[in-house]
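Participant: target-v1.cif is reproduced in full below (mmCIF, C-alpha atoms and all ligand atoms).
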```
data_my_file
loop_
_atom_site.label_atom_id
_atom_site.label_comp_id
_atom_site.auth_asym_id
_atom_site.auth_seq_id
_atom_site.Cartn_x
_atom_site.Cartn_y
_atom_site.Cartn_z
CA MET A 268 55.06 -70.39 53.86
CA SER A 269 54.73 -67.60 51.36
CA VAL A 270 51.92 -65.08 51.81
CA TYR A 271 49.88 -65.09 48.61
CA ALA A 272 47.96 -62.23 47.08
CA ILE A 273 45.52 -62.53 44.21
CA ILE A 274 45.02 -59.59 41.89
CA GLY A 275 41.63 -60.11 40.28
CA GLY A 276 41.03 -58.67 36.83
CA THR A 277 37.88 -58.05 34.84
CA GLY A 278 35.23 -60.52 36.01
CA LEU A 279 37.03 -61.13 39.28
CA THR A 280 36.34 -57.98 41.28
CA GLN A 281 35.42 -60.18 44.22
CA LEU A 282 36.53 -63.67 45.11
CA GLU A 283 33.47 -65.77 45.80
CA GLY A 284 34.31 -68.19 48.62
CA LEU A 285 36.76 -65.81 50.25
CA ASN A 286 35.96 -65.74 53.94
CA ILE A 287 36.80 -62.07 54.53
CA ARG A 288 38.23 -61.24 57.93
CA GLN A 289 39.44 -57.72 57.26
CA ALA A 290 39.16 -55.03 54.57
CA LEU A 291 42.24 -52.81 54.68
CA PRO A 292 41.72 -49.28 53.32
CA MET A 293 45.38 -48.64 52.40
CA ASN A 294 47.18 -45.51 51.37
CA THR A 295 50.63 -45.35 49.83
CA PRO A 296 53.17 -42.68 48.78
CA TYR A 297 51.71 -43.19 45.29
CA GLY A 298 48.06 -42.74 46.22
CA ALA A 299 45.30 -45.17 47.01
CA PRO A 300 45.09 -48.66 45.51
CA SER A 301 42.12 -49.65 43.34
CA ALA A 302 40.16 -50.98 46.33
CA ASP A 303 40.54 -52.12 49.92
CA ILE A 304 42.86 -55.08 50.28
CA LEU A 305 40.79 -57.96 51.55
CA VAL A 306 42.36 -60.34 54.01
CA GLY A 307 40.67 -63.66 54.44
CA ASP A 308 40.72 -67.40 54.01
CA TYR A 309 40.29 -69.04 50.67
CA ALA A 310 40.45 -72.80 50.30
CA GLY A 311 41.52 -72.90 53.96
CA ARG A 312 44.52 -70.66 53.51
CA GLU A 313 45.08 -67.03 54.38
CA VAL A 314 45.25 -64.87 51.28
CA LEU A 315 45.12 -61.21 50.29
CA PHE A 316 42.84 -60.11 47.49
CA LEU A 317 42.80 -56.92 45.45
CA ALA A 318 40.39 -56.03 42.64
CA ARG A 319 42.64 -54.47 40.00
CA HIS A 320 39.88 -52.36 38.46
CA GLY A 321 38.18 -51.57 41.78
CA HIS A 322 35.05 -53.06 43.23
CA PRO A 323 32.71 -52.44 41.55
CA HIS A 324 34.75 -52.34 38.33
CA ARG A 325 35.40 -48.64 37.61
CA LEU A 326 39.02 -48.17 36.46
CA ALA A 327 40.05 -48.60 32.83
CA PRO A 328 43.39 -50.41 32.34
CA HIS A 329 45.34 -47.17 31.77
CA LYS A 330 43.75 -45.57 34.86
CA VAL A 331 44.75 -48.30 37.31
CA ASN A 332 47.27 -47.05 39.87
CA TYR A 333 49.60 -50.02 39.50
CA ARG A 334 52.24 -48.53 41.78
CA ALA A 335 49.77 -48.01 44.64
CA ASN A 336 48.37 -51.52 44.14
CA LEU A 337 51.72 -53.27 44.33
CA TRP A 338 53.02 -51.08 47.13
CA ALA A 339 49.89 -51.66 49.21
CA LEU A 340 50.04 -55.42 48.69
CA LYS A 341 53.66 -55.49 49.82
CA GLN A 342 52.79 -53.35 52.85
CA ALA A 343 49.99 -55.77 53.69
CA GLY A 344 52.53 -58.61 53.73
CA ALA A 345 52.22 -60.18 50.28
CA GLN A 346 55.21 -62.16 49.01
CA SER A 347 53.78 -64.02 46.00
CA ILE A 348 51.30 -62.53 43.57
CA LEU A 349 48.89 -64.46 41.38
CA ALA A 350 47.61 -62.05 38.75
CA VAL A 351 44.47 -62.97 36.84
CA ASN A 352 44.12 -61.36 33.41
CA ALA A 353 41.52 -61.63 30.65
CA VAL A 354 43.24 -61.59 27.25
CA GLY A 355 42.66 -61.82 23.52
CA GLY A 356 44.03 -64.87 21.70
CA ILE A 357 46.60 -64.38 18.92
CA HIS A 358 48.21 -67.82 18.49
CA THR A 359 45.92 -70.45 16.96
CA ASP A 360 46.14 -72.50 20.19
CA MET A 361 44.70 -69.58 22.16
CA GLY A 362 41.00 -70.02 21.50
CA THR A 363 38.32 -68.58 23.76
CA GLY A 364 38.28 -70.42 27.09
CA HIS A 365 41.93 -71.48 26.81
CA PHE A 366 44.31 -70.64 29.65
CA CYS A 367 47.88 -69.45 29.25
CA VAL A 368 50.59 -69.04 31.88
CA PRO A 369 52.90 -66.68 30.00
CA HIS A 370 56.65 -66.99 30.37
CA GLN A 371 57.48 -63.73 28.58
CA LEU A 372 55.99 -60.37 27.78
CA ILE A 373 56.40 -57.40 25.49
CA ASP A 374 55.33 -54.00 26.74
CA TYR A 375 53.49 -51.74 24.25
CA THR A 376 51.93 -49.50 26.89
CA SER A 377 52.76 -45.82 27.16
CA GLY A 378 52.34 -42.99 29.61
CA ARG A 379 51.74 -45.19 32.64
CA GLU A 380 53.57 -44.69 35.93
CA HIS A 381 55.78 -47.73 35.52
CA THR A 382 58.55 -47.59 38.12
CA PHE A 383 59.26 -46.94 41.78
CA PHE A 384 62.73 -45.71 40.82
CA ALA A 385 61.74 -42.43 39.17
CA ASP A 386 62.26 -39.79 41.80
CA ASP A 387 65.55 -40.45 43.60
CA LEU A 388 67.98 -40.32 40.71
CA GLU A 389 70.98 -41.12 42.91
CA HIS A 390 69.54 -44.55 43.46
CA VAL A 391 68.14 -45.58 40.11
CA THR A 392 67.93 -49.35 40.10
CA HIS A 393 67.94 -51.36 36.91
CA ILE A 394 66.17 -54.56 37.78
CA ASP A 395 66.91 -57.74 35.86
CA PHE A 396 63.70 -58.41 33.95
CA SER A 397 65.02 -60.98 31.44
CA PHE A 398 62.48 -63.46 32.76
CA PRO A 399 59.56 -61.38 33.94
CA TYR A 400 57.58 -64.10 35.70
CA SER A 401 58.46 -66.25 38.69
CA GLU A 402 59.21 -69.76 37.46
CA PRO A 403 58.20 -71.55 40.71
CA LEU A 404 54.89 -69.68 40.71
CA ARG A 405 54.32 -70.43 37.03
CA GLU A 406 54.91 -74.10 37.73
CA LYS A 407 52.33 -74.04 40.49
CA LEU A 408 49.75 -72.48 38.18
CA ILE A 409 50.53 -74.99 35.44
CA GLY A 410 50.22 -77.91 37.88
CA ALA A 411 46.89 -76.60 39.11
CA LEU A 412 45.51 -76.10 35.59
CA ALA A 413 46.52 -79.66 34.71
CA ALA A 414 44.94 -81.06 37.86
CA GLU A 415 41.72 -79.17 37.09
CA GLY A 416 41.64 -80.62 33.57
CA CYS A 417 41.73 -77.17 31.94
CA ALA A 418 42.91 -76.54 28.38
CA TYR A 419 46.10 -74.54 28.83
CA SER A 420 49.47 -73.57 27.43
CA SER A 421 52.42 -73.48 29.79
CA TYR A 422 54.29 -70.96 27.67
CA GLY A 423 53.25 -67.83 25.89
CA VAL A 424 54.29 -64.28 25.21
CA TYR A 425 51.94 -61.65 26.60
CA GLY A 426 51.69 -58.43 24.59
CA ALA A 427 50.60 -55.59 26.89
CA THR A 428 48.74 -52.86 25.00
CA GLN A 429 47.55 -49.46 26.17
CA GLY A 430 43.81 -49.74 25.56
CA PRO A 431 41.13 -49.11 26.45
CA ARG A 432 40.22 -49.70 22.82
CA LEU A 433 40.93 -53.09 21.34
CA GLU A 434 43.70 -53.32 18.74
CA THR A 435 43.49 -52.95 14.99
CA ALA A 436 44.00 -56.08 12.89
CA ALA A 437 47.31 -54.63 11.68
CA GLU A 438 48.48 -54.08 15.24
CA ILE A 439 47.75 -57.72 16.00
CA VAL A 440 49.71 -58.78 12.88
CA ARG A 441 52.60 -56.75 14.24
CA LEU A 442 52.28 -58.28 17.70
CA GLU A 443 52.20 -61.74 16.14
CA ARG A 444 55.32 -60.95 14.12
CA ASP A 445 56.95 -59.86 17.36
CA GLY A 446 56.13 -63.25 18.86
CA CYS A 447 53.11 -62.42 21.02
CA ASP A 448 50.64 -65.25 21.66
CA ILE A 449 48.11 -63.33 23.75
CA VAL A 450 47.22 -59.66 24.17
CA GLY A 451 45.95 -57.81 27.19
CA MET A 452 45.94 -54.34 28.70
CA THR A 453 46.91 -54.89 32.33
CA GLY A 454 50.00 -57.10 32.33
CA MET A 455 52.30 -54.10 32.45
CA PRO A 456 53.60 -52.24 34.35
CA GLU A 457 52.23 -54.60 37.01
CA ALA A 458 54.79 -57.36 36.44
CA ALA A 459 57.76 -54.98 36.45
CA LEU A 460 56.60 -53.16 39.57
CA ALA A 461 56.28 -56.50 41.35
CA ARG A 462 59.87 -57.29 40.40
CA GLU A 463 61.06 -53.88 41.63
CA LEU A 464 59.51 -54.72 45.00
CA GLU A 465 61.03 -58.22 44.92
CA LEU A 466 57.65 -59.91 44.90
CA GLU A 467 57.18 -63.27 43.20
CA TYR A 468 54.71 -62.73 40.37
CA ALA A 469 52.96 -64.90 37.79
CA CYS A 470 49.98 -64.44 35.50
CA LEU A 471 46.98 -66.68 34.94
CA ALA A 472 45.57 -65.51 31.60
CA LEU A 473 42.14 -66.55 30.37
CA VAL A 474 41.46 -66.06 26.66
CA VAL A 475 38.10 -64.33 26.29
CA ASN A 476 38.05 -63.43 22.59
CA PRO A 477 40.02 -63.94 19.39
CA ALA A 478 42.32 -60.91 18.93
CA ALA A 479 41.46 -58.34 16.27
CA GLY A 480 41.60 -59.79 12.76
CA LYS A 481 41.57 -63.38 14.07
CA THR A 482 37.83 -63.50 13.52
CA THR A 483 35.61 -62.05 10.81
CA ALA A 484 33.01 -61.18 13.45
CA VAL A 485 32.92 -57.95 15.41
CA ILE A 486 34.41 -58.45 18.90
CA THR A 487 31.68 -57.55 21.37
CA MET A 488 31.75 -56.85 25.09
CA ALA A 489 28.88 -59.32 25.45
CA GLU A 490 31.07 -62.09 24.01
CA ILE A 491 33.97 -61.13 26.27
CA GLU A 492 31.77 -60.98 29.36
CA GLN A 493 30.23 -64.36 28.60
CA ALA A 494 33.66 -65.96 28.19
CA ILE A 495 34.72 -64.50 31.52
CA VAL A 496 31.62 -65.87 33.24
CA ASP A 497 32.20 -69.28 31.59
CA GLY A 498 35.84 -69.41 32.68
CA MET A 499 35.58 -68.04 36.19
CA ASP A 500 34.83 -71.31 37.98
CA LYS A 501 38.02 -72.80 36.52
CA VAL A 502 39.99 -69.70 37.49
CA LYS A 503 38.77 -70.00 41.08
CA ALA A 504 39.43 -73.74 41.26
CA THR A 505 42.93 -73.22 39.85
CA LEU A 506 43.73 -70.50 42.37
CA ALA A 507 42.42 -72.67 45.21
CA ARG A 508 44.71 -75.51 44.11
CA VAL A 509 47.74 -73.24 44.00
CA LEU A 510 47.02 -71.99 47.50
CA THR A 511 46.72 -75.48 48.90
CA SER A 512 49.62 -77.04 46.96
N1 LIG B 1 43.03 -57.05 23.41
C1 LIG B 1 43.53 -56.45 24.51
N2 LIG B 1 43.10 -56.71 25.72
C2 LIG B 1 42.14 -57.65 25.87
C3 LIG B 1 41.58 -58.31 24.78
C4 LIG B 1 42.06 -58.00 23.48
O1 LIG B 1 41.61 -58.56 22.46
N3 LIG B 1 40.64 -59.16 25.26
C5 LIG B 1 40.66 -59.01 26.62
N4 LIG B 1 41.55 -58.08 26.99
#
```
What is this structure when it is put down as structure tokens?
Ligand code: HPA
Facilitator:
Amino acid sequence: MSVYAIIGGTGLTQLEGLNIRQALPMNTPYGAPSADILVGDYAGREVLFLARHGHPHRLAPHKVNYRANLWALKQAGAQSILAVNAVGGIHTDMGTGHFCVPHQLIDYTSGREHTFFADDLEHVTHIDFSFPYSEPLREKLIGALAAEGCAYSSYGVYGATQGPRLETAAEIVRLERDGCDIVGMTGMPEAALARELELEYACLALVVNPAAGKTTAVITMAEIEQAIVDGMDKVKATLARVLTS
């Protein structure tokens, strides 16, 4: 059976219900991960958990050491990664509270350490990234969302932006023209680094606000935080179902 790891995003810096047996303070050739890797039982199954932004939340999306996080998870034995991400909704289907299990992504980030193949130029490896997410893992997430009665889309294109500011309305128009359905700041380089390490990886995205220009109202942190609180029980139930499926 595959060893699962959950990477918790904003609003999921700890996994309530995780019966923690060990907290591993890891170090890697790339530095320290965002937090200790927690090893424990969740829904009766052993799982690893890492808070992407640290616990408590302290790292902005562009400050996360994605390489250390993925490396440490692999070292700790992870084989399949369930990444939880809060996102803005671009497509009309992607209203606040909606879930999306993206099948594609477009990377608009810049200046992030985005590869393990940077230093040893004799062995540069060009990974196939045509399909950035693991299809079997996506199917498990989709099955779990359906079983939980959540509103979800089983396809979507994730636009990964640099942040930490939200986008301009014109940037969202451009992303939409490019084919993006949702927008977030942490989807990359995480997904590519997982592929470089040959880890199965899929994303459970929760829409927490309409993307810039998709609402006439100002997008507030209070609104985003409330949507995260409202959606978290479903996120946890979905993850539990995947682990036990
Ligand atoms: N844009 C980018 N990242 C996000 C958003 C958004 O609107 N909402 C949550 N994360």
Participant: So which residues touch Ala343 (chain A) within 9 Å, counting only C-alpha atoms, skipping near sequence neighbours fewer than 4 positions away, as a PyMOL selection string?
Facilitator: chain A and resi 291+293+304+306+315+338-339
Participant: Where does chain A meet ligand LIG 1 (chain B) within 9 Å, residue by residue, with the nearest atom pair and distance in Å to one decimal for each, counting all atoms listed in the file, listed by chain and rising number, as a Markdown table?
Facilitator:
```
| residue | atom | partner | partner_atom | distance |
| --- | --- | --- | --- | --- |
| A:Thr277 | CA | B:LIG1 | N4 | 8.7 |
| A:Asn352 | CA | B:LIG1 | N4 | 7.7 |
| A:Ala353 | CA | B:LIG1 | C5 | 4.9 |
| A:Val354 | CA | B:LIG1 | C5 | 3.7 |
| A:Gly355 | CA | B:LIG1 | O1 | 3.6 |
| A:Gly356 | CA | B:LIG1 | O1 | 6.8 |
| A:Ile357 | CA | B:LIG1 | O1 | 8.4 |
| A:Gly426 | CA | B:LIG1 | C1 | 8.4 |
| A:Ala427 | CA | B:LIG1 | C1 | 7.5 |
| A:Thr428 | CA | B:LIG1 | C1 | 6.3 |
| A:Gln429 | CA | B:LIG1 | C1 | 8.2 |
| A:Gly430 | CA | B:LIG1 | C1 | 6.8 |
| A:Pro431 | CA | B:LIG1 | N2 | 7.9 |
| A:Arg432 | CA | B:LIG1 | C1 | 7.7 |
| A:Leu433 | CA | B:LIG1 | N1 | 4.9 |
| A:Glu434 | CA | B:LIG1 | N1 | 6.0 |
| A:Ile439 | CA | B:LIG1 | N1 | 8.8 |
| A:Ile449 | CA | B:LIG1 | C4 | 8.1 |
| A:Val450 | CA | B:LIG1 | C1 | 4.9 |
| A:Gly451 | CA | B:LIG1 | N2 | 3.4 |
| A:Met452 | CA | B:LIG1 | N2 | 4.8 |
| A:Thr453 | CA | B:LIG1 | N2 | 7.8 |
| A:Leu473 | CA | B:LIG1 | C5 | 8.6 |
| A:Val474 | CA | B:LIG1 | N3 | 7.1 |
| A:Val475 | CA | B:LIG1 | N3 | 5.9 |
| A:Asn476 | CA | B:LIG1 | N3 | 5.7 |
| A:Pro477 | CA | B:LIG1 | O1 | 6.4 |
| A:Ala478 | CA | B:LIG1 | O1 | 4.3 |
| A:Ala479 | CA | B:LIG1 | O1 | 6.2 |
| A:Ile486 | CA | B:LIG1 | O1 | 8.0 |
| A:Ile491 | CA | B:LIG1 | C5 | 7.0 |
```
Participant: Give me the residues near Gln281 (chain A) as number ranges by chain, where near means some atom within 10 Å (using all atoms listed in the file) and where sequence neighbours in that chain fewer than 4 positions away do not count.
Facilitator: A: 274-277, 285, 305, 316-318, 321-324
Participant: Report the distance between CA of Leu349 (chain A) and CA of His370 (chain A) in Å, rounded to one decimal place.
Facilitator: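 Between CA of Leu349 (chain A) and CA of His370 (chain A) the gap is 13.7 Å.
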Participant: What lies within 8 Å of region 328-336 of chain A using all atoms listed in the file, ignoring chain neighbours under 3 positions off, as a ChimeraX atom specification?
Facilitator: /A:294-301,317,319-320,339-340,379-383,429-431,452-453,456-457,460
Participant: For Gly344 (chain A), which residue out of A:Ala272, A:Leu282, A:Ala436, A:Ala461 is the nearest one, using all atoms listed in the file?
Facilitator: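 Looking only at the distances to Gly344 (chain A), the closest residue turns out to be A:Ala272.
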Participant: Please list as a ChimeraX atom specification every residue within 10 Å of Ala310 (chain A), counting all atoms listed in the file and excluding residues in the same chain fewer than 5 positions away.
Facilitator: /A:284-286,503-504,506-511
Participant: Which one is closest to Leu442 (chain A): A:His358, A:His365, A:His393, A:Lys407? Count all atoms listed in the file.
Facilitator: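 When distances to Leu442 (chain A) are compared using all atoms listed in the file, the smallest one comes from A:His358.
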Participant: Which residues, written as JSON, numbers by chain, have at least one atom at most 10 Å from Ser401 (chain A), with all atoms listed in the file counted and residues fewer than 5 positions away on the same chain left out?
Facilitator: {"A": [347, 348, 370, 406, 458, 462, 466, 467, 468, 469, 470]}
Participant: Separation of CA of Thr435 (chain A) and CA of Val351 (chain A), in Å?
Facilitator: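 Distance between the two atoms: 24.1 Å.
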Participant: Smallest atom-to-atom distance to Val502 (chain A): which of A:Glu389, A:Glu402, A:Asp360, A:Glu415, using all atoms listed in the file?
Facilitator: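 Looking at the shortest contact to Val502 (chain A), the residue is A:Glu415.
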Participant: Identify which of the residues A:Gly410, A:Gly423, A:Pro403, A:Gly480 lies closest to Pro369 (chain A), counting only C-alpha atoms when measuring atom-to-atom distances.
Facilitator: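 Of the candidates, the smallest distance to Pro369 (chain A) is held by A:Gly423.
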Participant: As an exercise, work out the distance from CA of Asp500 (chain A) to CA of Tyr271 (chain A) in Å and give it to one decimal place.
Facilitator: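 Here the two named atoms are 19.4 Å from each other.
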Participant: I need every residue sitting at most 8 Å from the point (39.7, -65.1, 59.1) (coordinates as in the file, only C-alpha atoms considered), written as a list in words.
Facilitator: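 These residues have at least one counted atom within 8 Å: Asn286, Ile287, Arg288, Gln289, Val306, Gly307, Asp308 and Glu313 of chain A.
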Participant: Between A:Pro292, A:Ser512, A:Thr482, A:Asp497, which is the closest to Arg312 (chain A) once you count all atoms listed in the file?
Facilitator: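 The shortest atom-to-atom distance to Arg312 (chain A) comes from A:Ser512.
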